[in-house]
Structure formats: structure tokens, C-alpha cells
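Printed here is entry.cif (mmCIF, C-alpha atoms and all ligand atoms):
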data_my_file
loop_
_atom_site.label_atom_id
_atom_site.label_comp_id
_atom_site.auth_asym_id
_atom_site.auth_seq_id
_atom_site.Cartn_x
_atom_site.Cartn_y
_atom_site.Cartn_z
CA MET A 245 10.14 14.18 -21.04
CA PRO A 246 6.41 14.28 -21.66
CA GLY A 247 4.71 10.91 -21.55
CA TYR A 248 1.35 9.71 -22.71
CA SER A 249 -1.72 10.03 -20.57
CA ARG A 250 -3.08 6.80 -19.20
CA PRO A 251 -6.59 5.95 -18.03
CA CYS A 252 -7.30 6.17 -14.32
CA ARG A 253 -7.84 2.78 -12.67
CA TYR A 254 -10.88 4.12 -10.88
CA CYS A 255 -12.78 6.36 -13.29
CA ASP A 256 -11.12 5.74 -16.71
CA GLN A 257 -10.42 9.42 -17.30
CA LEU A 258 -7.01 10.10 -18.83
CA VAL A 259 -4.36 11.07 -16.28
CA PRO A 260 -0.87 12.49 -16.91
CA PRO A 261 1.68 9.70 -16.41
CA ASP A 262 3.42 11.44 -13.51
CA ALA A 263 0.24 12.43 -11.66
CA GLU A 264 0.12 11.32 -8.05
CA ALA A 265 -3.64 11.74 -7.91
CA CYS A 266 -6.35 11.58 -10.55
CA PRO A 267 -7.55 15.09 -11.44
CA ALA A 268 -11.02 13.70 -12.20
CA CYS A 269 -11.79 11.54 -9.17
CA GLY A 270 -8.98 12.59 -6.80
CA LYS A 271 -7.78 9.08 -5.93
CA VAL A 272 -4.06 8.54 -5.45
CA ASN A 273 -1.93 6.23 -7.60
CA PRO A 274 -4.45 6.46 -10.46
CA ILE A 275 -2.37 4.54 -12.97
CA TYR A 276 -0.09 2.11 -11.23
CA GLY A 277 -2.13 1.24 -8.17
CA PRO A 278 -0.83 0.65 -4.68
CA SER A 279 2.82 0.14 -3.82
CA CYS A 280 4.45 -1.30 -0.71
CA PRO A 281 4.94 1.41 1.95
CA ILE A 282 8.29 -0.16 2.89
CA CYS A 283 10.01 -1.05 -0.37
CA ARG A 284 7.76 0.64 -2.98
CA THR A 285 7.23 -2.59 -4.89
CA HIS A 286 4.10 -2.49 -7.03
CA LEU A 287 1.33 -4.52 -5.45
CA GLU A 288 -1.77 -6.20 -6.80
CA THR A 289 -5.02 -6.15 -4.89
CA GLY A 290 -5.57 -9.48 -3.17
CA TRP A 291 -1.95 -10.26 -2.41
CA LYS A 292 -1.38 -11.33 1.18
CA LYS A 293 2.25 -10.26 1.45
CA CYS A 294 4.66 -7.98 -0.33
CA PRO A 295 6.69 -10.26 -2.62
CA SER A 296 9.81 -8.19 -2.04
CA CYS A 297 9.99 -7.43 1.69
CA GLY A 298 7.31 -9.75 3.09
CA LEU A 299 5.17 -7.00 4.63
CA PRO A 300 1.69 -8.36 5.43
CA LEU A 301 -0.80 -6.64 3.15
CA GLU A 302 -4.00 -7.21 5.05
CA ALA A 303 -5.23 -4.49 7.33
CA THR A 304 -8.35 -3.68 9.30
CA CYS A 305 -10.25 -0.75 7.86
CA PRO A 306 -10.64 2.03 10.42
CA LYS A 307 -14.04 2.93 8.97
CA CYS A 308 -15.88 -0.35 8.54
CA GLY A 309 -13.68 -2.65 10.66
CA LYS A 310 -13.40 -5.31 7.97
CA LEU A 311 -10.21 -6.97 6.88
CA THR A 312 -9.10 -5.29 3.69
CA PHE A 313 -6.17 -5.10 1.36
CA LEU A 314 -3.51 -2.67 2.53
CA GLY A 315 -3.95 -0.37 -0.41
CA ASP A 316 -4.97 3.20 -0.80
CA TYR A 317 -8.65 2.51 -0.19
CA CYS A 318 -10.78 -0.01 1.63
CA THR A 319 -12.18 -2.62 -0.71
CA GLN A 320 -15.24 -3.10 1.49
CA CYS A 321 -16.61 0.36 2.06
ZN ZN A 401 -9.92 8.91 -11.65
ZN ZN A 402 7.61 -4.43 0.32
ZN ZN A 403 -13.81 -0.02 5.06
#

Taking this structure as input, can you express it in the form of C-alpha cells?
Ligand SMILES: [Zn+2]
Ligand SMILES: [Zn+2]
Ligand SMILES: [Zn+2]
Amino acid sequence: MPGYSRPCRYCDQLVPPDAEACPACGKVNPIYGPSCPICRTHLETGWKKCPSCGLPLEATCPKCGKLTFLGDYCTQC
């Protein structure tokens, strides 16, 4: 079933609804944002724990060493 394209969260280009990466900027989860790696619950940036399974959502970035949200990309660098 074809769906409607939605704007990418990162670059605002339209992305097919089932795309796993934005064709314009290449970032993953372009529409729905990060999800929990354990239970796949949708997560919002800034949350400290997964509301479903309790997984801590703060991680140290391997590039800049700062504490960041456990999402697809570091929020600091
Ligand atoms: Zn994009
Ligand atoms: Zn979870
Ligand atoms: Zn970083």
C-alpha cells in the first residue's frame, strides 16, 4: 500500500514513508526518529530511559566523548 511522503526530520526533504534512510541527507530513521534498540519503542530526544523496558538512554559519544542521547547521532558533535 503506497503511503504519503513525509518530511525528513533532519533536512525537510520528502521521504517515502517506509524509507529506512533519507535519500537526501542519508540519515537513518528520517521520519520517526530513534527507537529503543531493545523493544523498538519510539523515543524522544532528551529522555533518560526507555519508557517501555527501562533501558538507559544516555551514552558517551565515541567521537567527542560527551554524554549524549542514545539515538542515531550524537547531539553534541
Ligand atoms: Zn534528510
Ligand atoms: Zn525499550
Ligand atoms: Zn559526539

Write out as a PDB file with C-alpha atoms, in the coordinates of the input the residues lying within 12 Å of Thr289 in chain A, counting all atoms listed in the file and excluding same-chain residues fewer than 6 positions away.
ATOM      1  CA  TYR A 276      -0.090   2.110 -11.230  1.00  0.00           C
ATOM      2  CA  GLY A 277      -2.130   1.240  -8.170  1.00  0.00           C
ATOM      3  CA  PRO A 278      -0.830   0.650  -4.680  1.00  0.00           C
ATOM      4  CA  SER A 279       2.820   0.140  -3.820  1.00  0.00           C
ATOM      5  CA  CYS A 280       4.450  -1.300  -0.710  1.00  0.00           C
ATOM      6  CA  LEU A 301      -0.800  -6.640   3.150  1.00  0.00           C
ATOM      7  CA  GLU A 302      -4.000  -7.210   5.050  1.00  0.00           C
ATOM      8  CA  THR A 312      -9.100  -5.290   3.690  1.00  0.00           C
ATOM      9  CA  PHE A 313      -6.170  -5.100   1.360  1.00  0.00           C
ATOM     10  CA  LEU A 314      -3.510  -2.670   2.530  1.00  0.00           C
ATOM     11  CA  GLY A 315      -3.950  -0.370  -0.410  1.00  0.00           C
ATOM     12  CA  ASP A 316      -4.970   3.200  -0.800  1.00  0.00           C
ATOM     13  CA  TYR A 317      -8.650   2.510  -0.190  1.00  0.00           C
ATOM     14  CA  CYS A 318     -10.780  -0.010   1.630  1.00  0.00           C
ATOM     15  CA  THR A 319     -12.180  -2.620  -0.710  1.00  0.00           C
TER      16      THR A 319
END

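Take CA of Pro274 in chain A and CA of Cys294 in chain A: the distance between them is 19.9 Å.
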
Within-9 Å residues of ligand ZN 401 (chain A), basis all atoms listed in the file, as a PyMOL selection string: chain A and resi 251-259+265-272+274-275

Export, as a PDB file, in the frame of the given file, the selected residues with C-alpha atoms.
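The file below, again.pdb, is the result:
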ATOM      1  CA  PRO A 251      -6.590   5.950 -18.030  1.00  0.00           C
ATOM      2  CA  CYS A 252      -7.300   6.170 -14.320  1.00  0.00           C
ATOM      3  CA  ARG A 253      -7.840   2.780 -12.670  1.00  0.00           C
ATOM      4  CA  TYR A 254     -10.880   4.120 -10.880  1.00  0.00           C
ATOM      5  CA  CYS A 255     -12.780   6.360 -13.290  1.00  0.00           C
ATOM      6  CA  ASP A 256     -11.120   5.740 -16.710  1.00  0.00           C
ATOM      7  CA  GLN A 257     -10.420   9.420 -17.300  1.00  0.00           C
ATOM      8  CA  LEU A 258      -7.010  10.100 -18.830  1.00  0.00           C
ATOM      9  CA  VAL A 259      -4.360  11.070 -16.280  1.00  0.00           C
ATOM     10  CA  ALA A 265      -3.640  11.740  -7.910  1.00  0.00           C
ATOM     11  CA  CYS A 266      -6.350  11.580 -10.550  1.00  0.00           C
ATOM     12  CA  PRO A 267      -7.550  15.090 -11.440  1.00  0.00           C
ATOM     13  CA  ALA A 268     -11.020  13.700 -12.200  1.00  0.00           C
ATOM     14  CA  CYS A 269     -11.790  11.540  -9.170  1.00  0.00           C
ATOM     15  CA  GLY A 270      -8.980  12.590  -6.800  1.00  0.00           C
ATOM     16  CA  LYS A 271      -7.780   9.080  -5.930  1.00  0.00           C
ATOM     17  CA  VAL A 272      -4.060   8.540  -5.450  1.00  0.00           C
ATOM     18  CA  PRO A 274      -4.450   6.460 -10.460  1.00  0.00           C
ATOM     19  CA  ILE A 275      -2.370   4.540 -12.970  1.00  0.00           C
TER      20      ILE A 275
END

Computed interatomic separation between CA of Cys321 in chain A and CA of Gly309 in chain A (Å):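 Atom-to-atom, CA of Cys321 in chain A to CA of Gly309 in chain A, that is 9.6 Å.
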
Residue with smallest distance to ligand ZN 402 (chain A) - pool A:Ala303, A:Gly247, A:Ser296, A:Asp262, counting all atoms listed in the file: A:Ser296

Residue among A:Pro295, A:Gln320, A:Ile282, A:Tyr248 lying closest to Lys307 in chain A, counting only C-alpha atoms: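 Smallest distance to Lys307 in chain A is found for A:Gln320.
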
Point-to-point distance from CA of Lys310 in chain A to CA of Gly298 in chain A, Å rounded to tenths: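 Value for the CA of Lys310 in chain A-CA of Gly298 in chain A distance: 21.7 Å.
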